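Since the structure comes first, as structure tokens, the remarks are kept for the end.
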Amino acid sequence: MADELDLLRRANPVPADGPSLGDGPLGPRAERHLEGLLHGLPTAPDRPYRRPARRRARAAWALAAGAVVAVTVSALLLGGPTTAPAVAAPRPLAVLADARPLPLDRLADRAERAAADGGPALRKGTHVRSWSLGMSDDAPPVTLPEERVVRWTADGRSTELVVATDPRHPGRPVLGEDEDGTPRLVEDGHVISRRTHPPSWSDAPPQSPPPRDAAHLRAYLEEAQHSETLDTPGLLDATALLLDNWTLGARESAALIRLLADDGGLRPAGRVTDRLGRPGHAYVYEGTGVRRMLIVNPATGAVLGLETTFTEDQPEYGVRAGDVMEYRAWTR
């Protein structure tokens with residue numbers, strides 16, 4: 001409850017059925033390009049590929065911006081001399097490379113020891129801050145930096161509060177959009193949506209509690225993603241889905257890190273400070289045109305964040321290598 005009250009104190013209330021941002025439909029070209037980037041599939045027009053059977057959750061959050069957006073954003077950022085700047089695109093997180101970075105399997109050992117000594121318990125619901133580029137075929141991709149708090153009650157109801165806020169610049173306006181999609185500045189804490197959902201007792205992942213061992217957790221995540229098998233990008237997608245629904249306890253965090261370590265697709269990159277100022281260790285997957293970086297608490301194995309950046313220029317979308325595609329930062 002403290003999280004919701006803190007957000008509401010900073011909020012400018014709007015009707016509960018107000019606009020929901022960043023979920024517009026994608027065109028077929030945009031979807032093909034996204035799947036190619038995130039899953040290492042060919043994306044050239046003369047090299048078609050078979051798209052996975054199920055569209056990734058909230059795929060619109062992970063697409064790149066076109067050149068028209070740069071003009072729109074620049075106009076907002078450089079508006080009048082009295083306008084407080086809105087930060088439309090974050091810089092990628094800087095990793096401090098270690099001579100001997102901590103391997104993920106050793107971190108999994110630490111997490112299991114920490115879980116054996118006790119620690120926080122599993123809790124349904126989430127508290128996440130996110131930023132991402134979004135794109136549709138007929139509108140510029142303007143997406144708010146968002147903070148979302150989801151809490152569940154004992155009778156199965158849930159509440160969701162989403163506000164516009166940028167953790168790097170508290171109190172300063174951020175980039176948003178009107179109901180018709182016109183970009184504009186909104187105040188820090190502006191309420192995007194506030195909803196209460198009726199009781200739900202689904203026992204299907206990700207609504208059911210996640211297992212506490214790596215083997216069963218893999219099966220759980222495959223079911224949640226409607227996939228018979230998950231490669232490294234798929235596991236990272238499933239991790240984000242899991243953490244967008246649950247705040248993991250010590251034992252569940254240990255199982256997740258062990259699963260990711262056993263997968264072998266993430267390499268240790270060094271130390272990093274996440275967007276909420278927390279120290280972590282970075283583990284990286286290099287895909288076709290993108291780099292995905294998992295940020296983990298080195299003492300407990302709790303996942304702190306996930307960031308995706310471009311590693312190659314994408315001139316057709318007006319982005320360059322090093323531009324951030326999206327990030328999430330989870331807290332308890």
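In the structure tokens, chains take letters A, B, ... by order of appearance, with residues numbered from 1 within each chain and ligands from 1 in the order shown.
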
Subject >> Spatial neighbours of region 231-245 of chain A, max dist 6 Å, only C-alpha atoms, sep filter under 4 positions, as a PyMOL selection string >> reply: chain A and resi 125-126+221+265

Original post:
What's the 6 Å shell around region 288-297 of chain A, counting only C-alpha atoms, without same-chain residues fewer than 6 positions away, as a PyMOL selection string?
Top reply: chain A and resi 37+40+280-282+303-312

Write a file of the just-selected residues containing N, CA, C and O atoms, as a PDB file, in the first residue's frame.
```pdb
ATOM      1  N   LEU A  37      15.168  -9.143 -34.812  1.00  0.00           N
ATOM      2  CA  LEU A  37      16.179  -8.567 -33.931  1.00  0.00           C
ATOM      3  C   LEU A  37      16.324  -9.364 -32.646  1.00  0.00           C
ATOM      4  O   LEU A  37      17.429  -9.666 -32.196  1.00  0.00           O
ATOM      5  N   GLY A  40      17.292 -13.398 -33.491  1.00  0.00           N
ATOM      6  CA  GLY A  40      18.348 -13.782 -34.393  1.00  0.00           C
ATOM      7  C   GLY A  40      17.880 -14.314 -35.723  1.00  0.00           C
ATOM      8  O   GLY A  40      18.560 -15.141 -36.344  1.00  0.00           O
ATOM      9  N   GLY A 280      24.860  -3.856  -9.094  1.00  0.00           N
ATOM     10  CA  GLY A 280      24.537  -5.175  -9.607  1.00  0.00           C
ATOM     11  C   GLY A 280      25.646  -5.710 -10.480  1.00  0.00           C
ATOM     12  O   GLY A 280      26.646  -5.026 -10.744  1.00  0.00           O
ATOM     13  N   HIS A 281      25.485  -6.939 -10.916  1.00  0.00           N
ATOM     14  CA  HIS A 281      26.370  -7.553 -11.898  1.00  0.00           C
ATOM     15  C   HIS A 281      25.591  -7.757 -13.188  1.00  0.00           C
ATOM     16  O   HIS A 281      24.411  -8.112 -13.165  1.00  0.00           O
ATOM     17  N   ALA A 282      26.269  -7.530 -14.305  1.00  0.00           N
ATOM     18  CA  ALA A 282      25.627  -7.576 -15.613  1.00  0.00           C
ATOM     19  C   ALA A 282      25.971  -8.880 -16.323  1.00  0.00           C
ATOM     20  O   ALA A 282      27.133  -9.314 -16.327  1.00  0.00           O
ATOM     21  N   VAL A 303      16.878 -10.610  -9.535  1.00  0.00           N
ATOM     22  CA  VAL A 303      16.984  -9.866 -10.787  1.00  0.00           C
ATOM     23  C   VAL A 303      16.524  -8.436 -10.533  1.00  0.00           C
ATOM     24  O   VAL A 303      15.408  -8.195 -10.058  1.00  0.00           O
ATOM     25  N   LEU A 304      17.390  -7.480 -10.872  1.00  0.00           N
ATOM     26  CA  LEU A 304      17.086  -6.065 -10.682  1.00  0.00           C
ATOM     27  C   LEU A 304      16.523  -5.426 -11.938  1.00  0.00           C
ATOM     28  O   LEU A 304      15.663  -4.547 -11.855  1.00  0.00           O
ATOM     29  N   GLY A 305      17.030  -5.827 -13.101  1.00  0.00           N
ATOM     30  CA  GLY A 305      16.596  -5.155 -14.314  1.00  0.00           C
ATOM     31  C   GLY A 305      16.987  -5.906 -15.568  1.00  0.00           C
ATOM     32  O   GLY A 305      17.745  -6.890 -15.527  1.00  0.00           O
ATOM     33  N   LEU A 306      16.458  -5.438 -16.675  1.00  0.00           N
ATOM     34  CA  LEU A 306      16.746  -5.994 -17.995  1.00  0.00           C
ATOM     35  C   LEU A 306      16.753  -4.854 -18.994  1.00  0.00           C
ATOM     36  O   LEU A 306      15.798  -4.067 -19.039  1.00  0.00           O
ATOM     37  N   GLU A 307      17.838  -4.742 -19.755  1.00  0.00           N
ATOM     38  CA  GLU A 307      17.973  -3.647 -20.726  1.00  0.00           C
ATOM     39  C   GLU A 307      18.321  -4.214 -22.091  1.00  0.00           C
ATOM     40  O   GLU A 307      19.119  -5.145 -22.209  1.00  0.00           O
ATOM     41  N   THR A 308      17.724  -3.644 -23.123  1.00  0.00           N
ATOM     42  CA  THR A 308      18.019  -4.026 -24.502  1.00  0.00           C
ATOM     43  C   THR A 308      18.505  -2.804 -25.259  1.00  0.00           C
ATOM     44  O   THR A 308      17.858  -1.756 -25.229  1.00  0.00           O
ATOM     45  N   THR A 309      19.660  -2.916 -25.914  1.00  0.00           N
ATOM     46  CA  THR A 309      20.205  -1.824 -26.722  1.00  0.00           C
ATOM     47  C   THR A 309      20.539  -2.337 -28.110  1.00  0.00           C
ATOM     48  O   THR A 309      20.798  -3.525 -28.319  1.00  0.00           O
ATOM     49  N   PHE A 310      20.549  -1.422 -29.068  1.00  0.00           N
ATOM     50  CA  PHE A 310      20.957  -1.754 -30.423  1.00  0.00           C
ATOM     51  C   PHE A 310      22.483  -1.849 -30.493  1.00  0.00           C
ATOM     52  O   PHE A 310      23.193  -1.028 -29.915  1.00  0.00           O
ATOM     53  N   THR A 311      22.977  -2.833 -31.207  1.00  0.00           N
ATOM     54  CA  THR A 311      24.412  -2.950 -31.434  1.00  0.00           C
ATOM     55  C   THR A 311      24.790  -2.631 -32.872  1.00  0.00           C
ATOM     56  O   THR A 311      25.969  -2.605 -33.215  1.00  0.00           O
ATOM     57  N   GLU A 312      23.792  -2.398 -33.712  1.00  0.00           N
ATOM     58  CA  GLU A 312      24.025  -2.023 -35.103  1.00  0.00           C
ATOM     59  C   GLU A 312      23.097  -0.875 -35.465  1.00  0.00           C
ATOM     60  O   GLU A 312      21.997  -0.749 -34.919  1.00  0.00           O
TER      61      GLU A 312
END
```

**OP:** Once DSSP has gone over the backbone, tell me which residues of region 85-309 of chain A are in strand (DSSP E or B), as a PyMOL selection string.
**Re:** chain A and resi 95-96+123-132+146-152+158-164+174-177+183-186+190-197+246-247+267-273+279-286+290-296+303-309

Region 237-319 of chain A near region 93-100 of chain A within 8 Å: what's each residue's closest atom pair and its distance in Å to one decimal, counting only C-alpha atoms, ordered by chain then ascending residue number, as a tab-separated table?
```
residue	atom	partner	partner_atom	distance
A:Ala269	CA	A:Ala97	CA	6.0
A:Gly270	CA	A:Ala97	CA	4.4
A:Arg271	CA	A:Leu96	CA	5.0
A:Val272	CA	A:Val95	CA	4.8
A:Thr273	CA	A:Leu93	CA	7.5
A:Asp274	CA	A:Leu93	CA	7.0
A:Arg275	CA	A:Leu93	CA	7.8
A:Ala282	CA	A:Val95	CA	7.2
```

For the selection just defined, write its residues with N, CA and C atoms to a file, as a compact mmCIF listing (two decimals), in the first residue's frame.
```txt
# COMPACT_ATOMS: atom_id res chain seq x y z
N ALA A 269 29.60 -9.78 -17.68
CA ALA A 269 30.20 -8.58 -18.30
C ALA A 269 30.88 -7.67 -17.29
N GLY A 270 30.51 -7.73 -16.02
CA GLY A 270 31.12 -6.86 -15.02
C GLY A 270 30.08 -6.23 -14.12
N ARG A 271 30.52 -5.19 -13.41
CA ARG A 271 29.65 -4.52 -12.46
C ARG A 271 28.91 -3.36 -13.12
N VAL A 272 27.73 -3.06 -12.59
CA VAL A 272 26.91 -2.00 -13.16
C VAL A 272 26.03 -1.42 -12.05
N THR A 273 25.72 -0.14 -12.17
CA THR A 273 24.74 0.50 -11.29
C THR A 273 23.46 0.69 -12.09
N ASP A 274 22.35 0.15 -11.58
CA ASP A 274 21.14 0.20 -12.38
C ASP A 274 20.49 1.57 -12.31
N ARG A 275 19.35 1.73 -12.95
CA ARG A 275 18.71 3.05 -13.08
C ARG A 275 18.08 3.55 -11.79
N ALA A 282 26.27 -7.53 -14.31
CA ALA A 282 25.63 -7.58 -15.61
C ALA A 282 25.97 -8.88 -16.32
```

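For Glu228 (chain A), the non-local neighbours within 9 Å, defined as residues at least 4 positions apart in the same chain or in other chains and counting only C-alpha atoms, are Ala219, Glu222 and Glu223 of chain A.
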
**OP:** Rank nothing, just name the residue among A:Arg157, A:Arg113, A:Arg91, A:Arg278 nearest to Gly301 (chain A), using only C-alpha atoms.
**Re:** A:Arg113

Original post:
Got a sec: who's within 12 Å of Ala154 (chain A), counting only C-alpha atoms, leaving out chain neighbours fewer than 5 positions off, as an MDAnalysis selection string?
Top reply: chainID A and resid 123:124 198:201

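Relative to CA of Leu133 (chain A), CA of Asp323 (chain A) is found at 10.2 Å.
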
Just list as a compact mmCIF listing (two decimals) with all heavy atoms, in the first residue's frame whatever in region 163-299 of chain A DSSP marks as helix (DSSP H, G or I).
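Result file is out_39.txt:
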```txt
# COMPACT_ATOMS: atom_id res chain seq x y z
N ALA A 214 14.87 -25.26 -10.58
CA ALA A 214 15.13 -24.80 -11.94
C ALA A 214 14.39 -25.63 -12.98
O ALA A 214 13.84 -25.08 -13.94
CB ALA A 214 16.64 -24.83 -12.21
N ALA A 215 14.35 -26.96 -12.82
CA ALA A 215 13.73 -27.82 -13.84
C ALA A 215 12.24 -27.53 -13.96
O ALA A 215 11.71 -27.38 -15.07
CB ALA A 215 13.98 -29.28 -13.50
N HIS A 216 11.55 -27.46 -12.84
CA HIS A 216 10.12 -27.19 -12.88
C HIS A 216 9.84 -25.74 -13.30
O HIS A 216 8.82 -25.47 -13.94
CB HIS A 216 9.49 -27.47 -11.52
CG HIS A 216 9.40 -28.93 -11.19
ND1 HIS A 216 10.37 -29.60 -10.48
CD2 HIS A 216 8.46 -29.87 -11.51
CE1 HIS A 216 10.03 -30.87 -10.35
NE2 HIS A 216 8.88 -31.07 -10.97
N LEU A 217 10.75 -24.84 -12.96
CA LEU A 217 10.56 -23.45 -13.36
C LEU A 217 10.66 -23.31 -14.88
O LEU A 217 9.93 -22.53 -15.49
CB LEU A 217 11.59 -22.55 -12.68
CG LEU A 217 11.48 -21.05 -12.98
CD1 LEU A 217 10.10 -20.51 -12.61
CD2 LEU A 217 12.58 -20.27 -12.27
N ARG A 218 11.57 -24.05 -15.51
CA ARG A 218 11.66 -24.00 -16.98
C ARG A 218 10.33 -24.43 -17.61
O ARG A 218 9.82 -23.78 -18.53
CB ARG A 218 12.80 -24.89 -17.49
CG ARG A 218 12.81 -25.01 -19.01
CD ARG A 218 13.96 -25.84 -19.52
NE ARG A 218 15.20 -25.07 -19.55
CZ ARG A 218 15.55 -24.27 -20.54
NH1 ARG A 218 14.75 -24.10 -21.59
NH2 ARG A 218 16.69 -23.62 -20.51
N ALA A 219 9.77 -25.53 -17.12
CA ALA A 219 8.49 -26.00 -17.65
C ALA A 219 7.39 -24.96 -17.43
O ALA A 219 6.54 -24.73 -18.30
CB ALA A 219 8.11 -27.33 -17.00
N TYR A 220 7.41 -24.33 -16.28
CA TYR A 220 6.43 -23.28 -15.95
C TYR A 220 6.56 -22.12 -16.93
O TYR A 220 5.55 -21.63 -17.46
CB TYR A 220 6.71 -22.83 -14.52
CG TYR A 220 5.94 -21.61 -14.03
CD1 TYR A 220 4.80 -21.76 -13.26
CD2 TYR A 220 6.39 -20.32 -14.29
CE1 TYR A 220 4.11 -20.66 -12.76
CE2 TYR A 220 5.71 -19.22 -13.82
CZ TYR A 220 4.58 -19.39 -13.05
OH TYR A 220 3.90 -18.29 -12.57
N LEU A 221 7.78 -21.68 -17.20
CA LEU A 221 7.98 -20.55 -18.10
C LEU A 221 7.64 -20.91 -19.54
O LEU A 221 7.13 -20.08 -20.29
CB LEU A 221 9.42 -20.05 -18.00
CG LEU A 221 9.81 -19.44 -16.65
CD1 LEU A 221 11.28 -19.02 -16.64
CD2 LEU A 221 8.92 -18.25 -16.28
N GLU A 222 7.93 -22.14 -19.94
CA GLU A 222 7.55 -22.57 -21.29
C GLU A 222 6.03 -22.55 -21.44
O GLU A 222 5.52 -22.13 -22.49
CB GLU A 222 8.11 -23.97 -21.55
CG GLU A 222 9.63 -23.99 -21.75
CD GLU A 222 10.20 -25.38 -21.81
OE1 GLU A 222 9.47 -26.35 -21.51
OE2 GLU A 222 11.39 -25.51 -22.15
N GLU A 223 5.33 -22.98 -20.41
CA GLU A 223 3.86 -22.93 -20.48
C GLU A 223 3.37 -21.49 -20.51
O GLU A 223 2.44 -21.16 -21.25
CB GLU A 223 3.25 -23.67 -19.29
CG GLU A 223 1.73 -23.74 -19.34
CD GLU A 223 1.12 -24.54 -18.21
OE1 GLU A 223 1.89 -25.18 -17.46
OE2 GLU A 223 -0.12 -24.51 -18.06
N ALA A 224 4.00 -20.63 -19.71
CA ALA A 224 3.60 -19.22 -19.68
C ALA A 224 3.81 -18.55 -21.03
O ALA A 224 3.02 -17.69 -21.45
CB ALA A 224 4.38 -18.47 -18.61
N THR A 232 17.82 -18.70 -25.19
CA THR A 232 18.20 -17.63 -24.26
C THR A 232 17.31 -16.39 -24.41
O THR A 232 16.82 -15.87 -23.39
CB THR A 232 19.68 -17.26 -24.44
OG1 THR A 232 20.48 -18.43 -24.24
CG2 THR A 232 20.09 -16.20 -23.43
N PRO A 233 17.07 -15.88 -25.63
CA PRO A 233 16.14 -14.74 -25.73
C PRO A 233 14.76 -15.07 -25.18
O PRO A 233 14.13 -14.23 -24.53
CB PRO A 233 16.09 -14.45 -27.23
CG PRO A 233 17.36 -14.99 -27.77
CD PRO A 233 17.65 -16.21 -26.94
N GLY A 234 14.29 -16.29 -25.43
CA GLY A 234 12.99 -16.68 -24.91
C GLY A 234 12.96 -16.73 -23.40
O GLY A 234 11.97 -16.36 -22.76
N LEU A 235 14.07 -17.19 -22.79
CA LEU A 235 14.15 -17.21 -21.33
C LEU A 235 14.14 -15.80 -20.75
O LEU A 235 13.54 -15.55 -19.70
CB LEU A 235 15.40 -17.95 -20.88
CG LEU A 235 15.32 -19.48 -20.86
CD1 LEU A 235 16.68 -20.07 -20.51
CD2 LEU A 235 14.26 -19.96 -19.88
N LEU A 236 14.81 -14.87 -21.43
CA LEU A 236 14.80 -13.49 -20.95
C LEU A 236 13.41 -12.88 -21.07
O LEU A 236 12.95 -12.15 -20.19
CB LEU A 236 15.83 -12.67 -21.72
CG LEU A 236 17.29 -13.05 -21.46
CD1 LEU A 236 18.23 -12.23 -22.35
CD2 LEU A 236 17.66 -12.87 -19.99
N ASP A 237 12.72 -13.19 -22.17
CA ASP A 237 11.33 -12.73 -22.31
C ASP A 237 10.47 -13.31 -21.18
O ASP A 237 9.64 -12.61 -20.59
CB ASP A 237 10.75 -13.18 -23.65
CG ASP A 237 11.41 -12.50 -24.84
OD1 ASP A 237 12.04 -11.45 -24.65
OD2 ASP A 237 11.29 -13.04 -25.95
N ALA A 238 10.66 -14.60 -20.91
CA ALA A 238 9.86 -15.25 -19.87
C ALA A 238 10.19 -14.71 -18.49
O ALA A 238 9.31 -14.60 -17.63
CB ALA A 238 10.10 -16.76 -19.92
N THR A 239 11.47 -14.36 -18.27
CA THR A 239 11.86 -13.75 -17.00
C THR A 239 11.13 -12.43 -16.79
O THR A 239 10.62 -12.15 -15.70
CB THR A 239 13.38 -13.53 -16.98
OG1 THR A 239 14.05 -14.80 -16.99
CG2 THR A 239 13.81 -12.76 -15.73
N ALA A 240 11.07 -11.61 -17.84
CA ALA A 240 10.36 -10.34 -17.74
C ALA A 240 8.88 -10.56 -17.46
O ALA A 240 8.27 -9.87 -16.64
CB ALA A 240 10.56 -9.52 -19.02
N LEU A 241 8.28 -11.54 -18.14
CA LEU A 241 6.87 -11.85 -17.91
C LEU A 241 6.64 -12.29 -16.46
O LEU A 241 5.68 -11.87 -15.81
CB LEU A 241 6.42 -12.95 -18.87
CG LEU A 241 4.98 -13.45 -18.72
CD1 LEU A 241 3.99 -12.33 -19.01
CD2 LEU A 241 4.73 -14.64 -19.64
N LEU A 242 7.53 -13.14 -15.96
CA LEU A 242 7.41 -13.62 -14.58
C LEU A 242 7.48 -12.45 -13.59
O LEU A 242 6.64 -12.33 -12.69
CB LEU A 242 8.53 -14.63 -14.30
CG LEU A 242 8.65 -15.13 -12.86
CD1 LEU A 242 7.40 -15.92 -12.46
CD2 LEU A 242 9.91 -16.00 -12.71
N LEU A 243 8.48 -11.57 -13.77
CA LEU A 243 8.68 -10.48 -12.83
C LEU A 243 7.66 -9.37 -13.00
O LEU A 243 7.53 -8.52 -12.11
CB LEU A 243 10.10 -9.93 -12.98
CG LEU A 243 11.21 -10.93 -12.63
CD1 LEU A 243 12.58 -10.31 -12.88
CD2 LEU A 243 11.09 -11.38 -11.18
N ALA A 250 13.30 -15.44 -2.02
CA ALA A 250 14.69 -15.87 -2.11
C ALA A 250 14.82 -17.20 -2.85
O ALA A 250 15.70 -17.38 -3.71
CB ALA A 250 15.29 -15.98 -0.71
N ARG A 251 13.94 -18.16 -2.57
CA ARG A 251 14.06 -19.48 -3.19
C ARG A 251 13.69 -19.43 -4.67
O ARG A 251 14.31 -20.10 -5.50
CB ARG A 251 13.19 -20.48 -2.44
CG ARG A 251 13.67 -20.75 -1.01
CD ARG A 251 12.77 -21.73 -0.28
NE ARG A 251 12.78 -23.05 -0.92
CZ ARG A 251 12.08 -24.10 -0.46
NH1 ARG A 251 11.31 -23.95 0.62
NH2 ARG A 251 12.14 -25.26 -1.07
N GLU A 252 12.69 -18.64 -5.01
CA GLU A 252 12.31 -18.51 -6.42
C GLU A 252 13.39 -17.79 -7.22
O GLU A 252 13.68 -18.14 -8.38
CB GLU A 252 10.98 -17.78 -6.55
CG GLU A 252 9.79 -18.54 -6.02
CD GLU A 252 9.63 -18.48 -4.51
OE1 GLU A 252 10.32 -17.63 -3.88
OE2 GLU A 252 8.84 -19.25 -3.97
N SER A 253 14.02 -16.76 -6.62
CA SER A 253 15.12 -16.06 -7.29
C SER A 253 16.29 -17.00 -7.53
O SER A 253 16.91 -16.99 -8.60
CB SER A 253 15.58 -14.87 -6.44
OG SER A 253 14.64 -13.82 -6.48
N ALA A 254 16.60 -17.84 -6.54
CA ALA A 254 17.69 -18.80 -6.70
C ALA A 254 17.38 -19.78 -7.83
O ALA A 254 18.28 -20.13 -8.63
CB ALA A 254 17.92 -19.54 -5.39
N ALA A 255 16.15 -20.24 -7.93
CA ALA A 255 15.78 -21.17 -9.00
C ALA A 255 15.90 -20.50 -10.37
O ALA A 255 16.38 -21.11 -11.34
CB ALA A 255 14.34 -21.66 -8.79
N LEU A 256 15.50 -19.23 -10.45
CA LEU A 256 15.58 -18.52 -11.73
C LEU A 256 17.03 -18.33 -12.16
O LEU A 256 17.37 -18.57 -13.34
CB LEU A 256 14.89 -17.16 -11.60
CG LEU A 256 14.96 -16.25 -12.84
CD1 LEU A 256 14.31 -16.92 -14.05
CD2 LEU A 256 14.29 -14.91 -12.56
N ILE A 257 17.90 -17.94 -11.24
CA ILE A 257 19.31 -17.75 -11.60
C ILE A 257 19.96 -19.07 -11.98
O ILE A 257 20.78 -19.14 -12.90
CB ILE A 257 20.06 -17.05 -10.45
CG1 ILE A 257 19.53 -15.64 -10.27
CG2 ILE A 257 21.56 -16.98 -10.74
CD1 ILE A 257 19.58 -14.77 -11.51
N ARG A 258 19.62 -20.14 -11.27
CA ARG A 258 20.16 -21.46 -11.64
C ARG A 258 19.71 -21.85 -13.04
O ARG A 258 20.50 -22.38 -13.84
CB ARG A 258 19.71 -22.50 -10.62
CG ARG A 258 20.17 -23.92 -10.93
CD ARG A 258 21.70 -24.01 -10.98
NE ARG A 258 22.28 -23.79 -9.66
CZ ARG A 258 23.58 -23.66 -9.44
NH1 ARG A 258 24.44 -23.70 -10.47
NH2 ARG A 258 24.04 -23.45 -8.22
N LEU A 259 18.46 -21.60 -13.36
CA LEU A 259 17.95 -21.90 -14.70
C LEU A 259 18.71 -21.12 -15.76
O LEU A 259 19.12 -21.69 -16.79
CB LEU A 259 16.46 -21.57 -14.76
CG LEU A 259 15.78 -21.61 -16.13
CD1 LEU A 259 15.90 -23.00 -16.75
CD2 LEU A 259 14.31 -21.22 -15.99
N LEU A 260 18.92 -19.83 -15.54
CA LEU A 260 19.64 -19.01 -16.51
C LEU A 260 21.11 -19.43 -16.61
O LEU A 260 21.70 -19.41 -17.69
CB LEU A 260 19.54 -17.54 -16.11
CG LEU A 260 18.13 -16.94 -16.24
CD1 LEU A 260 18.07 -15.57 -15.55
CD2 LEU A 260 17.71 -16.82 -17.70
N ALA A 261 21.70 -19.83 -15.48
CA ALA A 261 23.08 -20.31 -15.50
C ALA A 261 23.19 -21.61 -16.29
O ALA A 261 24.12 -21.79 -17.10
CB ALA A 261 23.59 -20.49 -14.08
N ASP A 262 22.27 -22.53 -16.07
CA ASP A 262 22.30 -23.81 -16.78
C ASP A 262 22.08 -23.62 -18.28
O ASP A 262 22.59 -24.42 -19.09
CB ASP A 262 21.22 -24.75 -16.22
CG ASP A 262 21.55 -25.22 -14.80
OD1 ASP A 262 22.70 -25.06 -14.37
OD2 ASP A 262 20.63 -25.75 -14.14
N ASP A 263 21.34 -22.59 -18.66
CA ASP A 263 21.11 -22.33 -20.08
C ASP A 263 22.41 -22.03 -20.81
O ASP A 263 22.61 -22.44 -21.96
CB ASP A 263 20.12 -21.17 -20.24
CG ASP A 263 19.95 -20.75 -21.68
OD1 ASP A 263 19.34 -21.52 -22.46
OD2 ASP A 263 20.44 -19.66 -22.07
```

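For the set A:Glu146, A:Glu316, A:Glu112, A:Asp166, the residue with the smallest atom-to-atom gap to Val191 (chain A) is A:Glu146, counting only C-alpha atoms.
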
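With CA of Arg267 (chain A) on one side and CA of Pro211 (chain A) on the other, the separation reads 24.9 Å.
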
Original post:
In Å to one decimal, how far is CA of Glu187 (chain A) from CA of Val150 (chain A)?
Top reply: 21.6 Å

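Residues with any atom within 8 Å of Pro268 (chain A), counting only C-alpha atoms and excluding same-chain neighbours fewer than 2 positions away, are A:Pro101, A:Leu102, A:Pro103, A:Leu104, A:Leu266, A:Gly270, A:His281, A:Ala282, A:Tyr283, A:Val284.
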
Selected residues written out with all heavy atoms, as a CSV table (one decimal), in the first residue's frame:
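out_39.csv, freshly written:
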```csv
chain,number,residue,atom,x,y,z
A,101,PRO,N,35.1,-11.4,-14.1
A,101,PRO,CA,33.7,-11.2,-13.7
A,101,PRO,C,33.1,-12.5,-13.1
A,101,PRO,O,33.6,-13.6,-13.4
A,101,PRO,CB,33.0,-10.8,-15.0
A,101,PRO,CG,33.9,-11.4,-16.1
A,101,PRO,CD,35.3,-11.3,-15.5
A,102,LEU,N,32.1,-12.3,-12.2
A,102,LEU,CA,31.5,-13.4,-11.5
A,102,LEU,C,30.7,-14.2,-12.5
A,102,LEU,O,29.7,-13.8,-13.0
A,102,LEU,CB,30.7,-12.9,-10.4
A,102,LEU,CG,29.9,-13.9,-9.5
A,102,LEU,CD1,31.0,-14.7,-8.7
A,102,LEU,CD2,29.0,-13.2,-8.6
A,103,PRO,N,31.0,-15.5,-12.7
A,103,PRO,CA,30.2,-16.4,-13.5
A,103,PRO,C,28.8,-16.5,-13.0
A,103,PRO,O,28.6,-16.5,-11.7
A,103,PRO,CB,31.0,-17.7,-13.6
A,103,PRO,CG,32.4,-17.4,-13.1
A,103,PRO,CD,32.2,-16.2,-12.2
A,104,LEU,N,27.8,-16.8,-13.8
A,104,LEU,CA,26.5,-16.9,-13.4
A,104,LEU,C,26.2,-18.1,-12.5
A,104,LEU,O,25.4,-18.1,-11.6
A,104,LEU,CB,25.5,-16.9,-14.6
A,104,LEU,CG,24.1,-16.6,-14.4
A,104,LEU,CD1,23.9,-15.2,-13.6
A,104,LEU,CD2,23.3,-16.5,-15.7
A,266,LEU,N,24.2,-16.6,-21.4
A,266,LEU,CA,24.5,-15.3,-20.9
A,266,LEU,C,26.0,-15.3,-20.4
A,266,LEU,O,26.4,-16.2,-19.7
A,266,LEU,CB,23.6,-14.9,-19.7
A,266,LEU,CG,22.2,-14.6,-20.0
A,266,LEU,CD1,21.4,-14.6,-18.7
A,266,LEU,CD2,22.0,-13.3,-20.7
A,270,GLY,N,30.5,-7.7,-16.0
A,270,GLY,CA,31.1,-6.9,-15.0
A,270,GLY,C,30.1,-6.2,-14.1
A,270,GLY,O,28.9,-6.6,-14.1
A,281,HIS,N,25.5,-6.9,-10.9
A,281,HIS,CA,26.4,-7.6,-11.9
A,281,HIS,C,25.6,-7.8,-13.2
A,281,HIS,O,24.4,-8.1,-13.2
A,281,HIS,CB,26.9,-8.9,-11.4
A,281,HIS,CG,28.0,-8.7,-10.4
A,281,HIS,ND1,29.1,-9.6,-10.3
A,281,HIS,CD2,28.2,-7.8,-9.4
A,281,HIS,CE1,29.9,-9.2,-9.4
A,281,HIS,NE2,29.4,-8.1,-8.8
A,282,ALA,N,26.3,-7.5,-14.3
A,282,ALA,CA,25.6,-7.6,-15.6
A,282,ALA,C,26.0,-8.9,-16.3
A,282,ALA,O,27.1,-9.3,-16.3
A,282,ALA,CB,26.1,-6.4,-16.5
A,283,TYR,N,25.0,-9.5,-17.0
A,283,TYR,CA,25.1,-10.7,-17.8
A,283,TYR,C,24.4,-10.4,-19.1
A,283,TYR,O,23.3,-10.0,-19.2
A,283,TYR,CB,24.5,-11.9,-17.0
A,283,TYR,CG,25.2,-12.1,-15.7
A,283,TYR,CD1,24.8,-11.5,-14.6
A,283,TYR,CD2,26.3,-13.0,-15.7
A,283,TYR,CE1,25.5,-11.7,-13.4
A,283,TYR,CE2,27.0,-13.2,-14.5
A,283,TYR,CZ,26.6,-12.5,-13.3
A,283,TYR,OH,27.3,-12.7,-12.2
A,284,VAL,N,25.2,-10.7,-20.2
A,284,VAL,CA,24.8,-10.2,-21.5
A,284,VAL,C,24.6,-11.3,-22.5
A,284,VAL,O,25.3,-12.3,-22.5
A,284,VAL,CB,25.9,-9.3,-22.0
A,284,VAL,CG1,25.7,-8.9,-23.5
A,284,VAL,CG2,26.0,-8.0,-21.1
```
